[in-house]
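A.B. asks: So I've got this file, work33.txt, and it contains compact mmCIF, C-alpha atoms:
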# COMPACT_ATOMS: atom_id res chain seq x y z
CA MET A 7 156.87 -20.28 83.06
CA LYS A 8 156.32 -16.94 81.37
CA HIS A 9 157.19 -16.81 77.70
CA PHE A 10 158.71 -13.52 76.57
CA LEU A 11 158.37 -12.10 73.09
CA TYR A 12 161.68 -10.85 71.78
CA LEU A 13 161.55 -8.60 68.77
CA ILE A 14 164.95 -8.05 67.21
CA ILE A 15 164.64 -5.95 64.07
CA LEU A 16 168.30 -5.26 63.33
CA SER A 17 171.18 -7.70 63.47
CA PHE A 18 173.94 -7.08 65.97
CA SER A 19 176.39 -6.37 63.18
CA THR A 20 174.47 -3.19 62.31
CA LEU A 21 174.18 -1.82 65.86
CA GLN A 22 177.33 0.25 65.63
CA ALA A 23 175.86 2.15 62.69
CA GLN A 24 172.69 3.01 64.58
CA GLN A 25 174.19 5.23 67.26
CA THR A 26 171.92 8.19 66.53
CA ASP A 27 168.71 6.16 66.31
CA TRP A 28 166.39 5.53 69.22
CA VAL A 29 166.00 2.11 70.80
CA GLN A 30 162.99 0.94 72.80
CA ILE A 31 163.16 -1.75 75.47
CA GLU A 32 159.94 -2.95 77.06
CA TYR A 33 160.09 -4.39 80.56
CA THR A 34 157.90 -5.97 83.19
CA GLN A 35 158.54 -4.08 86.42
CA ILE A 36 157.56 -5.23 89.90
CA LEU A 37 158.06 -2.46 92.45
CA GLY A 38 156.88 -3.04 95.99
CA GLY A 39 154.51 -5.73 94.77
CA GLN A 40 152.95 -3.52 92.07
CA ILE A 41 153.33 -4.91 88.54
CA THR A 42 153.54 -2.46 85.64
CA ASN A 43 154.60 -2.54 82.00
CA SER A 44 157.50 -0.13 81.74
CA LYS A 45 159.66 0.92 78.82
CA LEU A 46 163.01 2.60 78.19
CA LEU A 47 163.62 4.70 75.08
CA PHE A 48 167.13 5.99 74.44
CA ASN A 49 169.71 7.17 71.96
CA ASN A 50 173.35 8.16 72.50
CA ASN A 51 172.46 11.20 74.58
CA GLU A 52 168.94 11.04 76.01
CA SER A 53 166.73 8.45 77.65
CA VAL A 54 163.19 8.31 79.00
CA TYR A 55 161.90 5.55 81.26
CA TYR A 56 158.12 5.25 81.56
CA PHE A 57 157.09 3.29 84.62
CA GLY A 58 153.90 4.81 86.01
CA ASP A 59 150.51 3.70 84.73
CA VAL A 60 148.22 6.36 83.35
CA THR A 61 145.04 7.14 85.29
CA LYS A 62 143.78 3.92 86.83
CA ILE A 63 141.06 3.09 89.34
CA ASP A 64 141.04 -0.49 90.61
CA THR A 65 137.85 -1.51 92.40
CA THR A 66 138.06 -5.24 91.73
CA SER A 67 139.31 -6.03 95.22
CA PHE A 68 138.36 -5.05 98.74
CA ASN A 69 141.43 -2.83 98.98
CA MET A 70 140.85 -0.09 96.41
CA THR A 71 143.82 1.31 94.52
CA TYR A 72 143.40 4.85 93.23
CA ILE A 73 146.20 6.14 91.02
CA VAL A 74 145.79 9.46 89.26
CA THR A 75 148.18 10.82 86.67
CA ASP A 76 147.85 11.91 83.03
CA ASP A 77 148.31 10.42 79.56
CA ILE A 78 152.11 10.41 79.92
CA GLY A 79 152.45 8.99 83.42
CA THR A 80 155.55 8.87 85.58
CA VAL A 81 158.82 9.26 83.67
CA ILE A 82 162.52 9.47 84.49
CA TYR A 83 164.44 11.56 81.96
CA LYS A 84 168.22 11.59 81.59
CA ASN A 85 170.46 13.73 79.40
CA GLN A 86 174.04 12.44 79.35
CA LYS A 87 175.57 15.50 77.71
CA GLU A 88 173.96 18.03 80.05
CA LYS A 89 174.14 15.72 83.09
CA LYS A 90 170.46 16.33 83.65
CA LEU A 91 168.16 13.91 85.45
CA PHE A 92 164.61 14.41 86.63
CA THR A 93 161.50 12.46 87.53
CA ARG A 94 158.21 13.67 86.09
CA ILE A 95 155.20 13.08 88.33
CA ALA A 96 151.67 14.15 87.38
CA SER A 97 148.67 14.44 89.69
CA GLU A 98 145.16 15.81 89.29
CA LYS A 99 146.39 19.31 90.06
CA GLU A 100 149.87 19.66 88.59
CA VAL A 101 152.91 18.22 86.87
CA VAL A 102 156.10 18.32 88.93
CA LEU A 103 159.67 17.79 87.73
CA ILE A 104 161.88 16.45 90.52
CA THR A 105 165.50 17.15 89.66
CA ASP A 106 168.30 14.94 90.93
CA ASP A 107 172.03 14.40 90.48
CA PHE A 108 173.28 11.59 88.32
CA PRO A 109 173.77 8.61 90.67
CA ASN A 110 177.35 7.98 91.71
CA LEU A 111 177.21 4.22 91.21
CA ASN A 112 180.35 2.28 91.96
CA TRP A 113 179.50 -0.88 90.08
CA THR A 114 181.34 -4.10 90.81
CA LEU A 115 181.50 -6.31 87.74
CA SER A 116 181.45 -10.07 88.19
CA ASN A 117 182.72 -12.81 85.92
CA GLU A 118 179.24 -14.33 85.78
CA THR A 119 177.51 -14.18 82.40
CA LYS A 120 174.44 -15.68 80.77
CA THR A 121 172.74 -15.61 77.38
CA THR A 122 169.18 -14.36 76.93
CA ALA A 123 167.53 -13.93 73.52
CA ASP A 124 170.96 -13.95 71.82
CA PHE A 125 172.26 -11.24 74.17
CA THR A 126 175.25 -11.97 76.38
CA LEU A 127 174.57 -10.46 79.79
CA THR A 128 177.11 -9.68 82.49
CA LYS A 129 176.25 -9.44 86.16
CA ALA A 130 177.08 -6.33 88.22
CA PHE A 131 176.42 -5.05 91.75
CA ALA A 132 175.98 -1.57 93.26
CA ASP A 133 174.62 0.10 96.38
CA PHE A 134 172.33 3.10 95.96
CA ARG A 135 170.33 4.99 98.56
CA GLY A 136 169.81 2.17 100.99
CA ARG A 137 169.41 -0.80 98.67
CA LYS A 138 171.74 -3.28 97.00
CA TYR A 139 171.15 -3.60 93.24
CA ILE A 140 171.90 -6.52 90.96
CA ALA A 141 172.03 -5.72 87.24
CA TRP A 142 172.47 -7.80 84.11
CA PHE A 143 173.71 -5.66 81.23
CA SER A 144 174.71 -6.24 77.61
CA GLU A 145 177.66 -4.61 75.87
CA GLN A 146 175.91 -5.45 72.59
CA LEU A 147 173.57 -2.53 73.24
CA GLN A 148 175.05 0.95 72.88
CA GLY A 149 175.11 3.44 75.74
CA ASN A 150 175.05 3.02 79.51
CA ASN A 151 171.31 3.13 80.11
CA GLY A 152 168.94 1.19 82.31
CA PRO A 153 165.59 1.20 84.12
CA LEU A 154 164.79 3.97 86.61
CA LYS A 155 167.92 5.97 87.52
CA MET A 156 170.30 3.09 86.92
CA GLY A 157 173.12 3.32 84.39
CA GLY A 158 176.84 3.89 84.15
CA LEU A 159 177.78 0.39 82.99
CA PRO A 160 179.59 -0.45 79.72
CA GLY A 161 176.28 -1.43 78.15
CA THR A 162 172.53 -1.27 78.69
CA ILE A 163 170.78 -2.99 81.60
CA LEU A 164 168.21 -5.60 80.57
CA GLU A 165 167.52 -7.07 84.02
CA LEU A 166 167.55 -5.27 87.36
CA GLU A 167 166.61 -6.25 90.89
CA THR A 168 167.28 -5.34 94.49
CA GLU A 169 168.77 -7.88 96.84
CA ASP A 170 165.75 -7.65 99.16
CA GLY A 171 163.27 -8.36 96.34
CA PHE A 172 161.55 -4.95 96.54
CA LEU A 173 162.32 -4.32 92.84
CA ASN A 174 162.47 -6.73 89.93
CA VAL A 175 162.68 -5.64 86.29
CA THR A 176 162.94 -8.04 83.33
CA PHE A 177 162.90 -7.18 79.64
CA ASP A 178 160.26 -8.47 77.23
CA LYS A 179 160.95 -6.86 73.88
CA ILE A 180 163.56 -4.74 72.08
CA ILE A 181 162.86 -2.57 69.03
CA PHE A 182 165.70 -0.84 67.18
CA ASN A 183 165.73 2.18 64.90
CA ILE A 184 162.57 3.88 66.14
CA THR A 185 161.73 7.58 65.80
CA LYS A 186 162.11 10.20 68.50
CA PRO A 187 159.44 9.79 71.21
CA ILE A 188 156.53 12.06 70.33
CA GLN A 189 156.01 12.98 74.00
CA LEU A 190 159.63 14.00 74.61
CA ASP A 191 159.09 17.76 74.20
CA SER A 192 156.09 17.67 76.55
CA ILE A 193 158.05 15.70 79.14
CA ILE A 194 160.88 18.24 79.12
CA ASN A 195 159.00 21.51 78.68
CA LYS A 196 155.44 21.19 80.00
CA TYR A 197 155.25 21.27 83.78
CA ASP A 198 153.89 23.39 86.62
CA LYS A 199 156.65 23.17 89.20
CA ILE A 200 160.29 22.14 89.61
CA LEU A 201 161.59 20.77 92.92
CA THR A 202 164.89 19.23 93.88
CA GLN A 203 164.85 15.66 95.15
CA GLN A 204 165.50 16.95 98.67
CA GLN A 205 162.64 19.45 98.45
CA TRP A 206 160.29 16.74 97.19
CA VAL A 207 161.21 14.30 99.96
CA THR A 208 160.87 17.01 102.63
CA ALA A 209 157.50 18.17 101.29
CA SER A 210 156.20 14.60 101.12
CA LYS A 211 157.16 13.95 104.75
CA GLU A 212 155.50 17.19 105.84
CA LYS A 213 152.26 16.25 104.08
CA ILE A 214 152.18 12.91 105.88
CA GLU A 215 152.92 14.53 109.24
CA ASN A 216 150.24 17.20 108.74
CA PHE A 217 147.68 14.63 107.65
CA THR A 218 148.46 12.46 110.67
CA ALA A 219 148.20 15.44 113.04
CA LYS A 220 144.77 16.40 111.66
CA LEU A 221 143.46 12.87 112.10
CA MET A 222 144.76 12.64 115.64
CA ALA A 223 143.19 15.98 116.54
CA LYS A 224 139.75 14.64 115.56
CA GLN A 225 139.99 11.43 117.59
CA THR A 226 138.91 10.82 121.17
CA ARG A 227 141.45 9.61 123.69
CA ASP A 228 140.07 6.07 123.55
CA VAL A 229 140.63 5.70 119.81
CA THR A 230 143.91 4.48 118.35
CA PHE A 231 144.82 4.16 114.70
CA LYS A 232 147.80 3.43 112.53
CA ILE A 233 148.71 5.08 109.22
CA THR A 234 150.76 2.96 106.82
CA VAL A 235 152.69 4.67 104.03
CA GLY A 236 154.01 2.70 101.07
CA GLU A 237 157.73 2.04 101.20
CA SER A 238 159.93 4.06 98.88
CA LEU A 239 162.52 2.50 96.60
CA GLU A 240 165.06 5.06 97.78
CA LYS A 241 165.44 4.75 101.55
CA VAL A 242 168.50 6.82 102.49
CA TYR A 243 169.62 10.11 100.97
CA GLU A 244 173.04 11.79 100.87
CA TRP A 245 171.90 14.98 102.57
CA GLU A 246 170.49 13.03 105.53
CA ASN A 247 173.97 11.71 106.29
CA LYS A 248 175.34 15.27 106.16
CA GLU A 249 172.63 16.55 108.51
CA ARG A 250 173.53 13.94 111.12
CA LYS A 251 177.16 15.07 111.25
Would you mind writing the file's structure down as structure tokens?

C.D. replies:
Amino acid sequence: MKHFLYLIILSFSTLQAQQTDWVQIEYTQILGGQITNSKLLFNNNESVYYFGDVTKIDTTSFNMTYIVTDDIGTVIYKNQKEKKLFTRIASEKEVVLITDDFPNLNWTLSNETKTTADFTLTKAFADFRGRKYIAWFSEQLQGNNGPLKMGGLPGTILELETEDGFLNVTFDKIIFNITKPIQLDSIINKYDKILTQQQWVTASKEKIENFTAKLMAKQTRDVTFKITVGESLEKVYEWENKERK
């Protein structure tokens, strides 16, 4: 069994007085079978969730993994006051901010609770873009934050998973009263391009289709091949439903 290290610097009785300070929660995230160390930093208004590894080349197995980003990595930024949400993705060529609406999550709270590292967690359920989410949140932590785009509960999410097992996030460590993230200004202000979520999804599909067409054009009639694209966490989008009507 994995042993987690829980670092609690402030007692719960002082949490109410720390509303303007930043909190850092470190998680272990498993997304589509890929394990990463992620972290959520937040105060009353802003949050940043780091979940993409910095530049990494894995040649230890037959199937090579080649992930290219920068020294910040992939980040989801949320601003509660301005209702701003975007995903920052960096490649070799550019940094793109993908803007999105705050998720309209209709959480269903259950009566099921459990205690983890002196936190009382409550279980909640929500559907979002084609997957069913299960969250465990604590009202002992200020705000309504959580991993990825999740939030909107009367407390912060410490555990998150999808019903189909595609995503599993568990917390390892919590640090209170930290300083403002030094990379925050770069995350918000330094980028090459801004796209909406719909524009990003459309462009990604077009790249795959164009790549497939070029490969097929080079093959003889006797050759068959199959291109497999990694599954996305978000499977169904609101605008797709509108287009079908």

A.B. asks: Nearest to Glu169 in chain A: which of A:Asp198, A:Lys213, A:Lys186, A:Asp133 is it, counting all atoms listed in the file?

C.D. replies: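 Of all the options, A:Asp133 lies closest to Glu169 in chain A.
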
A.B. asks: In Å, with one decimal, what is the gap from CA of Gln148 in chain A to CA of Thr162 in chain A?

C.D. replies: 6.7 Å

A.B. asks: If you measure from CA of Arg94 in chain A to CA of Leu239 in chain A, what distance in Å do you get, rounded to one decimal?

C.D. replies: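 Interatomic distance here is 15.9 Å.
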
A.B. asks: Go through A:Glu240, A:Glu32, A:Asp178, A:Glu246 one by one, measure the shortest atom-to-atom distance of each to Arg137 in chain A using all atoms listed in the file, and give the residue with the smallest value.

C.D. replies: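 Of all the options, A:Glu240 lies closest to Arg137 in chain A.
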
A.B. asks: Can you tell me, as a PyMOL selection string, what residues are no more than 9 Å from Lys196 in chain A when counting all atoms listed in the file, ignoring any on the same chain fewer than 4 positions away?

C.D. replies: chain A and resi 101+191-192

A.B. asks: Those residues with C-alpha atoms, as an mmCIF file, in the coordinates of the input please?

C.D. replies:
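Listing of result.cif after writing:
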data_model
loop_
_atom_site.group_PDB
_atom_site.id
_atom_site.type_symbol
_atom_site.label_atom_id
_atom_site.label_comp_id
_atom_site.auth_asym_id
_atom_site.auth_seq_id
_atom_site.Cartn_x
_atom_site.Cartn_y
_atom_site.Cartn_z
ATOM 1 C CA VAL A 101 152.910 18.220 86.870
ATOM 2 C CA ASP A 191 159.090 17.760 74.200
ATOM 3 C CA SER A 192 156.090 17.670 76.550
#

A.B. asks: Interatomic distance between CA of Phe177 in chain A and CA of Thr126 in chain A?

C.D. replies: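 Straight-line distance from CA of Phe177 in chain A to CA of Thr126 in chain A works out to 13.6 Å.
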
A.B. asks: Pick out the closest residue to Leu111 in chain A from this set: A:Tyr139, A:Phe92, A:Tyr55, A:Phe125. Count all atoms listed in the file.

C.D. replies: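 Once distances to Leu111 in chain A are computed over all atoms listed in the file, the minimum belongs to A:Tyr139.
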
A.B. asks: Please list, as a ChimeraX atom specification, the residues that have an atom at most 8 Å away from (175.2, -11.7, 85.8) in the coordinates of this file, counting all atoms listed in the file.

C.D. replies: /A:116-120,127-130,141-143

A.B. asks: Ranking A:Asn85, A:Thr75, A:Ser238, A:Gln40 by minimum distance to Thr105 in chain A and counting only C-alpha atoms, which one comes first?

C.D. replies: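 Going through A:Asn85, A:Thr75, A:Ser238, A:Gln40 one by one, the smallest distance to Thr105 in chain A is for A:Asn85.
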
A.B. asks: For the point (167.2, -3.4, 99.1) in the file's frame, write as a list of chain:residue names all residues with an atom no more than 12 Å away, counting all atoms listed in the file.

C.D. replies: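 Nearby residues: A:Leu37, A:Gly38, A:Phe131, A:Ala132, A:Asp133, A:Phe134, A:Arg135, A:Gly136, A:Arg137, A:Lys138, A:Tyr139, A:Ile140, A:Leu166, A:Glu167, A:Thr168, A:Glu169, A:Asp170, A:Gly171, A:Phe172, A:Leu173, A:Asn174, A:Glu237, A:Ser238, A:Leu239, A:Glu240, A:Lys241, A:Val242.
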
A.B. asks: Enclose the full set of atoms of range 150-160 of chain A listed in the file within a box whose edges lie along x, y and z, apply 6 Å of padding to each of the six sides, and report centre and edge lengths in Å to one decimal as lines of an AutoDock Vina configuration file.

C.D. replies:
center_x = 172.2
center_y = 2.8
center_z = 83.5
size_x = 26.8
size_y = 18.4
size_z = 20.0

A.B. asks: Which is closest to Phe182 in chain A among A:Leu147, A:Pro109, A:Gly79, A:Leu103, if we use only C-alpha atoms?

C.D. replies: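 Of A:Leu147, A:Pro109, A:Gly79, A:Leu103, the one nearest Phe182 in chain A, counting only C-alpha atoms, is A:Leu147.
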
A.B. asks: With distances taken over all atoms listed in the file, which residue among A:Leu154, A:Ile184, A:Ile36, A:Leu91 lies nearest Asp106 in chain A?

C.D. replies: A:Leu91
